[in-house]
$ cat my_file_9.cif   # mmCIF, C-alpha atoms
data_data
loop_
_atom_site.label_atom_id
_atom_site.label_comp_id
_atom_site.auth_asym_id
_atom_site.auth_seq_id
_atom_site.Cartn_x
_atom_site.Cartn_y
_atom_site.Cartn_z
CA MET T 1 101.63 90.39 105.65
CA LEU T 2 99.67 93.50 106.64
CA GLU T 3 100.30 96.59 104.52
CA LEU T 4 100.31 98.94 107.54
CA ARG T 5 98.84 101.82 105.55
CA PRO T 6 100.14 105.24 106.61
CA ASN T 7 96.91 107.19 107.05
CA CYS T 8 93.24 107.24 108.00
CA GLU T 9 90.98 106.78 104.97
CA CYS T 10 88.46 109.30 106.33
CA CYS T 11 90.43 112.25 107.69
CA ASP T 12 93.91 111.51 106.23
CA ARG T 13 95.51 111.64 109.71
CA ASP T 14 98.99 110.08 109.77
CA LEU T 15 99.05 106.63 111.39
CA PRO T 16 102.68 105.54 111.79
CA PRO T 17 103.24 101.77 111.96
CA GLY T 18 103.86 101.93 115.72
CA ASN T 19 100.63 103.86 116.34
CA HIS T 20 98.28 102.11 118.78
CA SER T 21 95.23 104.06 117.60
CA ALA T 22 94.94 102.60 114.06
CA PHE T 23 91.99 100.32 113.28
CA ILE T 24 91.52 97.98 110.30
CA CYS T 25 88.89 95.69 108.82
CA SER T 26 89.63 92.31 107.24
CA PHE T 27 90.40 94.08 103.93
CA GLU T 28 92.89 96.38 105.70
CA CYS T 29 90.84 99.53 105.25
CA THR T 30 92.52 101.77 107.83
CA PHE T 31 91.03 104.37 110.16
CA CYS T 32 92.10 106.45 113.17
CA ALA T 33 90.44 105.99 116.57
CA ASP T 34 88.29 109.13 116.24
CA CYS T 35 86.87 108.12 112.83
CA THR T 36 86.40 104.52 114.03
CA ALA T 37 84.28 105.84 116.91
CA GLU T 38 82.23 108.03 114.54
CA LEU T 39 81.69 105.01 112.29
CA GLY T 40 80.49 102.92 115.22
CA GLY T 41 83.36 100.44 114.73
CA VAL T 42 82.00 99.39 111.32
CA CYS T 43 83.98 99.75 108.07
CA PRO T 44 82.09 102.07 105.67
CA ASN T 45 83.51 100.15 102.70
CA CYS T 46 82.61 96.53 103.49
CA GLY T 47 80.48 96.64 106.64
CA GLY T 48 83.01 94.55 108.58
CA ALA T 49 84.17 95.16 112.12
CA LEU T 50 87.06 97.56 112.69
CA GLU T 51 89.66 96.10 115.04
CA ARG T 52 92.83 97.58 116.51
CA ARG T 53 95.68 97.14 114.02
CA PRO T 54 98.43 94.84 115.32
CA LEU T 55 101.88 96.32 115.81
CA ARG T 56 104.84 95.05 113.78
CA PRO T 57 108.08 94.89 115.78
CA ALA T 58 110.56 97.51 114.51
CA GLN T 59 113.25 94.92 113.72
CA PHE T 60 111.08 93.70 110.81
CA PHE T 61 110.57 97.08 109.12
CA GLU T 62 113.68 96.81 106.92
CA ARG T 63 112.68 93.45 105.47
CA HIS T 64 108.90 94.11 105.55
CA PRO T 65 108.40 97.89 105.34
CA PRO T 66 105.02 99.51 105.94
CA SER T 67 103.14 100.81 102.91
CA ALA T 68 103.76 104.36 101.71
CA LYS T 69 100.57 104.40 99.59
CA ARG T 70 97.95 106.70 101.06
CA VAL T 71 94.31 105.65 100.62
CA ARG T 72 91.64 108.33 101.05
CA LYS T 73 87.88 108.39 100.60
CA LEU T 74 87.37 111.62 98.66
CA ASP T 75 83.69 111.77 99.64
CA GLY T 76 84.53 111.40 103.32
CA CYS T 77 83.21 108.65 105.53
CA ALA T 78 79.69 108.09 106.63
CA PRO T 79 78.42 105.03 108.45
CA ARG T 80 77.40 102.34 106.02
CA LYS T 81 73.63 102.15 105.57
CA ARG T 82 72.25 98.76 106.44
CA SER T 83 69.64 97.13 104.25
CA PRO T 84 66.20 96.75 105.82
CA ALA T 85 65.71 93.25 107.22
#
$ encode --input "my_file_9.cif" --output "structure tokens"
Amino acid sequence: MLELRPNCECCDRDLPPGNHSAFICSFECTFCADCTAELGGVCPNCGGALERRPLRPAQFFERHPPSAKRVRKLDGCAPRKRSPA
């Protein structure tokens, strides 16, 4: 079950569970569309691809509520540096 985190890790913008502009990686790191574009669609934490977060139908919120825990990168977000090949 996805956590549906409430904010962008980079800029702390609110991302309600019904928001179509939230992006996540396979570890559920969560970013807004603007920060995802600045990051080139790559998670700065793990290097994985950022994909649009699926929407949870509202009728499931009572039984499976979205997370209230805000996650924030205090140092901001910068594109992950790739190792030389």
$ closest_residue --input "my_file_9.cif" --among "T:Ile24, T:Val71, T:Cys32, T:Leu4" --to "Gly47 (chain T)" --atoms "all atoms listed in the file"
T:Ile24
$ residues_around --input "my_file_9.cif" --residues "Asp12 (chain T)" --least-positions-apart "3" --cutoff "9 Å" --atoms "only C-alpha atoms" --output "PDB file with C-alpha atoms, keeping the file's coordinate frame"
ATOM      1  CA  PRO T   6     100.140 105.240 106.610  1.00  0.00           C
ATOM      2  CA  ASN T   7      96.910 107.190 107.050  1.00  0.00           C
ATOM      3  CA  CYS T   8      93.240 107.240 108.000  1.00  0.00           C
ATOM      4  CA  GLU T   9      90.980 106.780 104.970  1.00  0.00           C
ATOM      5  CA  LEU T  15      99.050 106.630 111.390  1.00  0.00           C
ATOM      6  CA  PHE T  31      91.030 104.370 110.160  1.00  0.00           C
ATOM      7  CA  CYS T  32      92.100 106.450 113.170  1.00  0.00           C
ATOM      8  CA  ARG T  70      97.950 106.700 101.060  1.00  0.00           C
ATOM      9  CA  VAL T  71      94.310 105.650 100.620  1.00  0.00           C
ATOM     10  CA  ARG T  72      91.640 108.330 101.050  1.00  0.00           C
ATOM     11  CA  LYS T  73      87.880 108.390 100.600  1.00  0.00           C
TER      12      LYS T  73
END
$ atom_distance --input "my_file_9.cif" --atom1 "CA of Ser67 (chain T)" --atom2 "CA of Arg5 (chain T)"
5.1 Å
$ residues_around --input "my_file_9.cif" --residues "region 56-65 of chain T" --least-positions-apart "4" --cutoff "10 Å" --atoms "only C-alpha atoms" --output "VMD selection string"
chain T and resid 1 to 4 17 to 18
$ closest_residue --input "my_file_9.cif" --among "T:Glu28, T:Cys46, T:Phe23, T:Asp34" --to "Cys11 (chain T)" --atoms "all atoms listed in the file"
T:Asp34
$ resolve_selection --input "my_file_9.cif" --expression "the PyMOL selection byres ((chain T and resi 21) around 6)" --output "CSV table (one decimal) with C-alpha atoms, in the coordinates of the input"
chain,number,residue,atom,x,y,z
T,19,ASN,CA,100.6,103.9,116.3
T,20,HIS,CA,98.3,102.1,118.8
T,22,ALA,CA,94.9,102.6,114.1
T,32,CYS,CA,92.1,106.4,113.2
T,33,ALA,CA,90.4,106.0,116.6
$ closest_residue --input "my_file_9.cif" --among "T:Leu74, T:Pro16, T:Cys25, T:Ala37" --to "Glu51 (chain T)" --atoms "only C-alpha atoms"
T:Cys25
$ closest_residue --input "my_file_9.cif" --among "T:Ala68, T:Arg52, T:Phe27, T:Cys10" --to "Leu39 (chain T)" --atoms "all atoms listed in the file"
T:Cys10
$ atom_distance --input "my_file_9.cif" --atom1 "CA of Gly41 (chain T)" --atom2 "CA of Gly76 (chain T)"
15.9 Å
$ atom_distance --input "my_file_9.cif" --atom1 "CA of Lys69 (chain T)" --atom2 "CA of Leu50 (chain T)"
20.0 Å
$ axis_aligned_box --input "my_file_9.cif" --around "region 32-48 of chain T" --padding-each-side "4 Å" --output "lines of an AutoDock Vina configuration file"
center_x = 86.3
center_y = 101.8
center_z = 109.8
size_x = 19.6
size_y = 22.6
size_z = 22.2
$ closest_residue --input "my_file_9.cif" --among "T:Pro66, T:Arg13, T:Thr30, T:Cys77" --to "Arg53 (chain T)" --atoms "all atoms listed in the file"
T:Thr30
